Amino acid sequence: MSFLYDTLVQEFGKREIARVPVPNYMTDNLKPGFGQRPYQIEAFQRYILCHTEDFDGKPKKPFHLLYNMATGSGKTLVMAGLMLYLYEKGYRNFLFFVNSNNIIKKTKDNFLNPKSSKYLFNDKIVIDGKEVYIKETETFESADDKNINIKFTTIQQLHIDLNNTKENSITYEDFSDKKLVLIADESHHLNSATKNSAELFGSWEGTVIEILKQNFDNILLEFTATLDYDNAEILRKYQDKVIFKYDLSQFRIDKYSKEINLVRSLYDEKERIMQALILNLYRQELATAHHINLKPVILFKAKKTIKESEQNKVNFHELIDEMSALLVDQIRDTATVSVVQKAFSFFNSKNISSAEISRRIKSNFRFENCISANNDLEAEKNQLLLNTLEDENNPIRAIFAVQKLNEGWDVLNLFDIVRLYETRDGKDGKVGATTLSEAQLIGRGARYFPFALETGQDKFTRKYDDDLTNDLKILEELYYHTKEDSRYISELKKALVDSGVYEDEDKLVTKQLILKEDFKKTHFYKNGMVVYNKKQEKSYGNIKSFSDLGVSRKNYKHQLSSGFGKMTSAFFEMELEYEAETQYSKDIPLSAIPKHVIRYALSQNPFYYFDNLERYFPKAESLSNFIDSTDYLGSLEVTFMGTKSRILDITNNDYLLSIQGLLQTIESEIKSNLTEFEGSSFIKEYVHNVFKDKQIKVYKDSERADGQEPFVVNEPWYVYNANYGTSEEKSFVKMFAKRFESLGQKYKDIYLIRNEREIKIIDKFGRAFEPDFILFCKQKKDKELTYQVFIEPKGVHLVAHDKWKEDFLKEIRETEQTIKIHTDNYVITGVPFYNYENENEFKKILQETLNVW
């Protein structure tokens, strides 16, 4: 079955979608700290295509589209970006509705409160040179036509208001003369009538569709993480509406989520809580040791009733009151879970005694640092605390809940969920409703806590997937603590795997990648160096003019408004009226345009605020110099086009409009050539500090599970015990073995090292590349140069997609660098992609690179 998101790919192709320009007013007016991730940009691009292009399968008006996006993937940011786009297209009125009052409060904060840490917009929203405000409205009769007007409501209240009219409430008639954008969050709640094949009339769903139909230009945008693809009626309804699918599975694969670990033990409730508290403190102290500001939170989950949860909270506070070194030592002496043992090893290394562990836990989990979120009153009272858990001034460390947090809850620093019951409700091999809700809650807790330890590191994605022994991996994991029960665990795993947030451990196998002992004894391993670079912030210190950032010098053309026009028949290829009037043009340098007009135009665009200009053009020195200097605006001209009378009467408003257009064009050109990061100069590190024994996980029975051991185990040039690579990588190793003999005639210390994400090289655009292999070989004679060659085997189907990497390798080869290390000279170079089909060509280039024939 083909969905709309498939249709777009079929019609335009992935590359064409990726080329769709996203207007600056969308990205620039969103909060800078959030950044836009690639999939969010694609979400914008897909809508822009639907809005602007005609194609087979294009949705009919009024538009009704759905974004199926994972929990935590930034749906509200996409909503905000689309609001900005639709405002520029003439929409002013937005109706935002969800399923619960709790979500409304949080959403209002995101859209209306600039002081909120999760506010979505920039401090000042500027579109087409004019400041735009986000305003809340109760009825669209009171809305203005200059700004973005949003009415926030629940679907239940909307249904009541429209079907039980009263004074000052909205009516269907309110929507007939205004085009409207309806935004439905958690929109799966709208589909009860569809799922049950019920009559739409009189349902919540029917109310929304009735509003949509009031105006041909209306738009309904639905957002949900949980579209029921197994329901035939839902599929029929949404087949031509799902514009973008980015589910939890892809979200996790792209490393934007925490990994999930199930901590299973035979501990009773009290000991399970103690274990979670110790891990909570371990995370906090580990983060502090690495200068990461983290306050990890624990959620204590009751099964069914609020009374249960209240009793859980009472029991917890009693445990905190009696916390002691003795209780800590009981866990220290009995815990068999490896990460708990690692926590105690860490405490020992930092001289943190059991008594001190007890004291810190008691301090962290004081009564005032723990809250409940069970009934509507509690949820409303604690809404701000629950939705700002990451804030420095938020003291909350523990939350007690039953069901209230399964939807609409944004939290990044939840790291432990403790299940305070031991029953299960699955039957006949099917997952029970309680277990499904647990999986949903775990999915919310899986949101990644952002951190970075070095400049240019992506703080929003996991970093230690392939470094299983790294202590910091615990900061990228959510632990679900439960009693050992094989049937329950099996059901929970199935629910988590089905949701896409969990990798079925039964499908994975851990492999040991071990450096050969003979290699560890070599002089190269002990004293040799590996050369690479790092990501660093882009430096604009050498930018002296527009041309340095790729801004063209051609004139900006501006069409002057006039009454010039024509009328044609709608049915015949003939013109009923046509009065031709000659068009004239006039070039006017910016130096001849009044300075106050130029200054006003600059003041209306945040990109040209001087503190921003200083970043990109540090040599500009002042706004006056930026306007007058021939390196910047002073060299540009505007070509005005219009009738003779208009050319002779160009007004200050004409100048303003032309300058605003010119500035937007320059901004677009600059931004298309800007990068936030770039690669540093090459640095060096000892081989033995970089390449070590490690564990990796691969899928059972996959091509990677075969380590090619019989082939590589006795080869002195291959430094690891196995090659858990793709079939293409294994083919490369076999090819290299055939060339080794001729290579050995000219070189010594020949070592091929598989790079399991130990090092990256960064190109001039800040993109990170991890070559699969690094070849080292040292000349026997002459200058005794040591060659370090970056090598990347790549399947034919991936070559086009990763062309930038091959271009980067080519650039390294063409700019081949020699670096002095100790008494040796290292030549840093690269070769094109290897694949089996181009093996002979690859061999030729490798031979040329190393001067071996």
# chains A, B, ... in the order shown; residues from 1 in each chain; ligands from 1
$ residues_around --residues "A:Lys151" --least-positions-apart "3" --cutoff "10 Å" --atoms "only C-alpha atoms" --output "list of chain:residue names"
A:Asn93, A:Phe94, A:Leu95, A:Phe96, A:Phe97, A:Lys108, A:Lys135, A:Glu136, A:Thr137, A:Glu138, A:Thr139, A:Phe140, A:Ala143, A:Leu182
$ closest_atom_pairs --of "stretch 606-681 of chain A" --to "stretch 547-561 of chain A" --cutoff "10 Å" --atoms "only C-alpha atoms" --output "JSON lines"
{"residue": "A:Tyr616", "atom": "CA", "partner": "A:Leu549", "partner_atom": "CA", "distance": 8.8}
{"residue": "A:Phe617", "atom": "CA", "partner": "A:Leu549", "partner_atom": "CA", "distance": 9.4}
{"residue": "A:Asp631", "atom": "CA", "partner": "A:Ser547", "partner_atom": "CA", "distance": 8.0}
{"residue": "A:Tyr632", "atom": "CA", "partner": "A:Ser547", "partner_atom": "CA", "distance": 8.7}
{"residue": "A:Leu633", "atom": "CA", "partner": "A:Arg553", "partner_atom": "CA", "distance": 9.9}
{"residue": "A:Ser635", "atom": "CA", "partner": "A:Arg553", "partner_atom": "CA", "distance": 7.9}
{"residue": "A:Leu636", "atom": "CA", "partner": "A:Asn555", "partner_atom": "CA", "distance": 6.5}
{"residue": "A:Glu637", "atom": "CA", "partner": "A:Asn555", "partner_atom": "CA", "distance": 5.2}
{"residue": "A:Val638", "atom": "CA", "partner": "A:Tyr556", "partner_atom": "CA", "distance": 4.8}
{"residue": "A:Thr639", "atom": "CA", "partner": "A:Lys557", "partner_atom": "CA", "distance": 4.7}
{"residue": "A:Phe640", "atom": "CA", "partner": "A:His558", "partner_atom": "CA", "distance": 5.0}
{"residue": "A:Met641", "atom": "CA", "partner": "A:Gln559", "partner_atom": "CA", "distance": 4.9}
{"residue": "A:Gly642", "atom": "CA", "partner": "A:Leu560", "partner_atom": "CA", "distance": 5.2}
{"residue": "A:Thr643", "atom": "CA", "partner": "A:Leu560", "partner_atom": "CA", "distance": 8.0}
{"residue": "A:Arg646", "atom": "CA", "partner": "A:Leu560", "partner_atom": "CA", "distance": 7.0}
{"residue": "A:Ile647", "atom": "CA", "partner": "A:Leu560", "partner_atom": "CA", "distance": 7.9}
{"residue": "A:Ile650", "atom": "CA", "partner": "A:Leu560", "partner_atom": "CA", "distance": 8.2}
{"residue": "A:Thr651", "atom": "CA", "partner": "A:Leu560", "partner_atom": "CA", "distance": 9.9}
{"residue": "A:Asp654", "atom": "CA", "partner": "A:Leu560", "partner_atom": "CA", "distance": 7.1}
{"residue": "A:Tyr655", "atom": "CA", "partner": "A:His558", "partner_atom": "CA", "distance": 9.3}
{"residue": "A:Leu657", "atom": "CA", "partner": "A:His558", "partner_atom": "CA", "distance": 8.3}
{"residue": "A:Ser658", "atom": "CA", "partner": "A:His558", "partner_atom": "CA", "distance": 5.7}
{"residue": "A:Ile659", "atom": "CA", "partner": "A:Tyr556", "partner_atom": "CA", "distance": 8.9}
{"residue": "A:Gly661", "atom": "CA", "partner": "A:His558", "partner_atom": "CA", "distance": 7.9}
{"residue": "A:Leu662", "atom": "CA", "partner": "A:Tyr556", "partner_atom": "CA", "distance": 6.0}
{"residue": "A:Leu663", "atom": "CA", "partner": "A:Tyr556", "partner_atom": "CA", "distance": 9.6}
{"residue": "A:Thr665", "atom": "CA", "partner": "A:Tyr556", "partner_atom": "CA", "distance": 8.4}
{"residue": "A:Ile666", "atom": "CA", "partner": "A:Val551", "partner_atom": "CA", "distance": 6.5}
{"residue": "A:Glu667", "atom": "CA", "partner": "A:Val551", "partner_atom": "CA", "distance": 8.9}
{"residue": "A:Ser668", "atom": "CA", "partner": "A:Val551", "partner_atom": "CA", "distance": 9.2}
{"residue": "A:Glu669", "atom": "CA", "partner": "A:Val551", "partner_atom": "CA", "distance": 5.8}
{"residue": "A:Ile670", "atom": "CA", "partner": "A:Leu549", "partner_atom": "CA", "distance": 5.9}
{"residue": "A:Lys671", "atom": "CA", "partner": "A:Leu549", "partner_atom": "CA", "distance": 8.8}
{"residue": "A:Ser672", "atom": "CA", "partner": "A:Gly550", "partner_atom": "CA", "distance": 8.8}
{"residue": "A:Asn673", "atom": "CA", "partner": "A:Leu549", "partner_atom": "CA", "distance": 6.3}
{"residue": "A:Leu674", "atom": "CA", "partner": "A:Leu549", "partner_atom": "CA", "distance": 7.5}
$ residues_around --residues "A:Leu4" --least-positions-apart "6" --cutoff "7 Å" --atoms "only C-alpha atoms" --output "list in words"
Gln239, Asp240, Lys241, Val242 and Ile243 of chain A
$ write_last_selection --atoms "N, CA, C and O atoms" --output "PDB file, in the first residue's frame"
ATOM      1  N   GLN A 239      -4.237   6.932   4.032  1.00  0.00           N
ATOM      2  CA  GLN A 239      -3.303   6.541   2.978  1.00  0.00           C
ATOM      3  C   GLN A 239      -2.815   7.735   2.160  1.00  0.00           C
ATOM      4  O   GLN A 239      -1.640   7.858   1.835  1.00  0.00           O
ATOM      5  N   ASP A 240      -3.712   8.661   1.846  1.00  0.00           N
ATOM      6  CA  ASP A 240      -3.337   9.828   1.035  1.00  0.00           C
ATOM      7  C   ASP A 240      -3.045  11.060   1.893  1.00  0.00           C
ATOM      8  O   ASP A 240      -3.004  12.182   1.391  1.00  0.00           O
ATOM      9  N   LYS A 241      -2.840  10.841   3.205  1.00  0.00           N
ATOM     10  CA  LYS A 241      -2.637  11.979   4.106  1.00  0.00           C
ATOM     11  C   LYS A 241      -1.323  11.934   4.879  1.00  0.00           C
ATOM     12  O   LYS A 241      -0.858  12.975   5.359  1.00  0.00           O
ATOM     13  N   VAL A 242      -0.727  10.753   5.054  1.00  0.00           N
ATOM     14  CA  VAL A 242       0.515  10.659   5.842  1.00  0.00           C
ATOM     15  C   VAL A 242       1.666  11.188   4.996  1.00  0.00           C
ATOM     16  O   VAL A 242       2.212  10.502   4.139  1.00  0.00           O
ATOM     17  N   ILE A 243       2.029  12.432   5.234  1.00  0.00           N
ATOM     18  CA  ILE A 243       3.040  13.110   4.429  1.00  0.00           C
ATOM     19  C   ILE A 243       4.453  12.752   4.869  1.00  0.00           C
ATOM     20  O   ILE A 243       5.412  12.829   4.099  1.00  0.00           O
TER      21      ILE A 243
END
$ residues_around --residues "A:Leu326" --least-positions-apart "5" --cutoff "9 Å" --atoms "only C-alpha atoms" --output "PyMOL selection string"
chain A and resi 331+354-355+358
$ residues_around --residues "stretch 251-255 of chain A" --least-positions-apart "3" --cutoff "6 Å" --atoms "only C-alpha atoms" --output "list in words"
Leu248, Thr461 and Arg462 of chain A
$ residues_around --residues "stretch 384-387 of chain A" --least-positions-apart "6" --cutoff "7 Å" --atoms "only C-alpha atoms" --output "ChimeraX atom specification"
/A:394,409-411
$ select_by_dssp --residues "stretch 438-477 of chain A" --states "helix (DSSP H, G or I)" --output "JSON, numbers by chain"
{"A": [438, 439, 440, 441, 442, 443, 444, 445, 471, 472, 473, 474, 475, 476]}
$ residues_around --residues "A:Leu752" --least-positions-apart "4" --cutoff "6 Å" --atoms "only C-alpha atoms" --output "list in words"
Trp717, Tyr718, Ile774 and Leu775 of chain A
$ closest_residue --among "A:Ser338, A:Asn163, A:Asn527, A:Asn470" --to "A:Gly206" --atoms "only C-alpha atoms"
A:Asn163
$ decode --residues "stretch 514-542 of chain A" --atoms "N, CA, C and O atoms" --output "JSON list (two decimals), in the first residue's frame"
[["chain", "number", "residue", "atom", "x", "y", "z"],
["A", 514, "ILE", "N", 39.78, -8.22, 19.53],
["A", 514, "ILE", "CA", 41.00, -8.27, 20.33],
["A", 514, "ILE", "C", 42.22, -7.98, 19.45],
["A", 514, "ILE", "O", 42.38, -8.56, 18.38],
["A", 515, "LEU", "N", 43.06, -7.06, 19.93],
["A", 515, "LEU", "CA", 44.34, -6.84, 19.25],
["A", 515, "LEU", "C", 45.25, -8.03, 19.47],
["A", 515, "LEU", "O", 45.35, -8.56, 20.59],
["A", 516, "LYS", "N", 45.92, -8.47, 18.42],
["A", 516, "LYS", "CA", 46.81, -9.62, 18.53],
["A", 516, "LYS", "C", 47.99, -9.31, 19.45],
["A", 516, "LYS", "O", 48.52, -8.19, 19.44],
["A", 517, "GLU", "N", 48.38, -10.30, 20.23],
["A", 517, "GLU", "CA", 49.47, -10.10, 21.19],
["A", 517, "GLU", "C", 50.77, -9.73, 20.49],
["A", 517, "GLU", "O", 51.55, -8.90, 20.99],
["A", 518, "ASP", "N", 51.04, -10.34, 19.34],
["A", 518, "ASP", "CA", 52.27, -10.02, 18.61],
["A", 518, "ASP", "C", 52.29, -8.55, 18.19],
["A", 518, "ASP", "O", 53.35, -7.90, 18.20],
["A", 519, "PHE", "N", 51.12, -8.03, 17.81],
["A", 519, "PHE", "CA", 51.04, -6.61, 17.42],
["A", 519, "PHE", "C", 51.31, -5.71, 18.63],
["A", 519, "PHE", "O", 52.00, -4.70, 18.52],
["A", 520, "LYS", "N", 50.78, -6.09, 19.80],
["A", 520, "LYS", "CA", 50.97, -5.26, 21.00],
["A", 520, "LYS", "C", 52.44, -5.16, 21.41],
["A", 520, "LYS", "O", 52.82, -4.24, 22.13],
["A", 521, "LYS", "N", 53.25, -6.10, 20.95],
["A", 521, "LYS", "CA", 54.67, -6.10, 21.30],
["A", 521, "LYS", "C", 55.51, -5.26, 20.34],
["A", 521, "LYS", "O", 56.69, -5.02, 20.60],
["A", 522, "THR", "N", 54.90, -4.81, 19.25],
["A", 522, "THR", "CA", 55.67, -4.11, 18.23],
["A", 522, "THR", "C", 56.03, -2.69, 18.66],
["A", 522, "THR", "O", 55.32, -2.06, 19.46],
["A", 523, "HIS", "N", 57.09, -2.18, 18.07],
["A", 523, "HIS", "CA", 57.51, -0.79, 18.30],
["A", 523, "HIS", "C", 56.43, 0.17, 17.80],
["A", 523, "HIS", "O", 56.18, 1.21, 18.41],
["A", 524, "PHE", "N", 55.77, -0.20, 16.70],
["A", 524, "PHE", "CA", 54.74, 0.66, 16.13],
["A", 524, "PHE", "C", 53.58, 0.82, 17.10],
["A", 524, "PHE", "O", 53.08, 1.93, 17.30],
["A", 525, "TYR", "N", 53.14, -0.26, 17.73],
["A", 525, "TYR", "CA", 52.02, -0.17, 18.67],
["A", 525, "TYR", "C", 52.40, 0.68, 19.88],
["A", 525, "TYR", "O", 51.61, 1.49, 20.37],
["A", 526, "LYS", "N", 53.60, 0.53, 20.35],
["A", 526, "LYS", "CA", 54.02, 1.23, 21.56],
["A", 526, "LYS", "C", 54.37, 2.70, 21.30],
["A", 526, "LYS", "O", 54.12, 3.56, 22.15],
["A", 527, "ASN", "N", 54.94, 2.98, 20.11],
["A", 527, "ASN", "CA", 55.44, 4.33, 19.86],
["A", 527, "ASN", "C", 54.87, 5.01, 18.61],
["A", 527, "ASN", "O", 55.10, 6.20, 18.39],
["A", 528, "GLY", "N", 54.18, 4.23, 17.79],
["A", 528, "GLY", "CA", 53.64, 4.80, 16.55],
["A", 528, "GLY", "C", 52.48, 5.75, 16.82],
["A", 528, "GLY", "O", 51.87, 5.75, 17.89],
["A", 529, "MET", "N", 52.18, 6.57, 15.81],
["A", 529, "MET", "CA", 51.14, 7.58, 15.93],
["A", 529, "MET", "C", 50.07, 7.38, 14.86],
["A", 529, "MET", "O", 50.36, 6.88, 13.77],
["A", 530, "VAL", "N", 48.85, 7.77, 15.20],
["A", 530, "VAL", "CA", 47.78, 7.85, 14.22],
["A", 530, "VAL", "C", 47.39, 9.33, 14.12],
["A", 530, "VAL", "O", 47.31, 10.03, 15.12],
["A", 531, "VAL", "N", 47.17, 9.79, 12.90],
["A", 531, "VAL", "CA", 46.89, 11.21, 12.64],
["A", 531, "VAL", "C", 45.43, 11.36, 12.18],
["A", 531, "VAL", "O", 44.94, 10.59, 11.34],
["A", 532, "TYR", "N", 44.74, 12.33, 12.76],
["A", 532, "TYR", "CA", 43.35, 12.60, 12.40],
["A", 532, "TYR", "C", 43.06, 14.06, 12.75],
["A", 532, "TYR", "O", 43.98, 14.79, 13.12],
["A", 533, "ASN", "N", 41.83, 14.48, 12.62],
["A", 533, "ASN", "CA", 41.49, 15.85, 13.03],
["A", 533, "ASN", "C", 40.20, 15.85, 13.82],
["A", 533, "ASN", "O", 39.56, 14.81, 14.00],
["A", 534, "LYS", "N", 39.80, 17.00, 14.30],
["A", 534, "LYS", "CA", 38.60, 17.12, 15.10],
["A", 534, "LYS", "C", 37.69, 18.20, 14.54],
["A", 534, "LYS", "O", 38.11, 19.05, 13.75],
["A", 535, "LYS", "N", 36.44, 18.15, 14.98],
["A", 535, "LYS", "CA", 35.48, 19.19, 14.60],
["A", 535, "LYS", "C", 35.72, 20.41, 15.48],
["A", 535, "LYS", "O", 35.93, 20.31, 16.68],
["A", 536, "GLN", "N", 35.73, 21.57, 14.85],
["A", 536, "GLN", "CA", 35.89, 22.81, 15.59],
["A", 536, "GLN", "C", 34.94, 23.86, 15.03],
["A", 536, "GLN", "O", 34.46, 23.74, 13.90],
["A", 537, "GLU", "N", 34.65, 24.86, 15.84],
["A", 537, "GLU", "CA", 33.77, 25.91, 15.38],
["A", 537, "GLU", "C", 34.39, 26.63, 14.19],
["A", 537, "GLU", "O", 35.59, 26.88, 14.15],
["A", 538, "LYS", "N", 33.55, 26.94, 13.21],
["A", 538, "LYS", "CA", 34.02, 27.62, 12.01],
["A", 538, "LYS", "C", 34.57, 28.99, 12.38],
["A", 538, "LYS", "O", 33.96, 29.75, 13.11],
["A", 539, "SER", "N", 35.75, 29.28, 11.88],
["A", 539, "SER", "CA", 36.35, 30.59, 12.13],
["A", 539, "SER", "C", 36.11, 31.49, 10.93],
["A", 539, "SER", "O", 36.37, 31.11, 9.78],
["A", 540, "TYR", "N", 35.61, 32.68, 11.20],
["A", 540, "TYR", "CA", 35.35, 33.65, 10.13],
["A", 540, "TYR", "C", 36.36, 34.79, 10.17],
["A", 540, "TYR", "O", 36.14, 35.84, 9.57],
["A", 541, "GLY", "N", 37.46, 34.57, 10.88],
["A", 541, "GLY", "CA", 38.46, 35.61, 11.06],
["A", 541, "GLY", "C", 39.07, 36.11, 9.76],
["A", 541, "GLY", "O", 39.51, 37.26, 9.67],
["A", 542, "ASN", "N", 39.07, 35.24, 8.74],
["A", 542, "ASN", "CA", 39.70, 35.64, 7.47],
["A", 542, "ASN", "C", 38.70, 36.16, 6.44],
["A", 542, "ASN", "O", 39.07, 36.44, 5.30]]
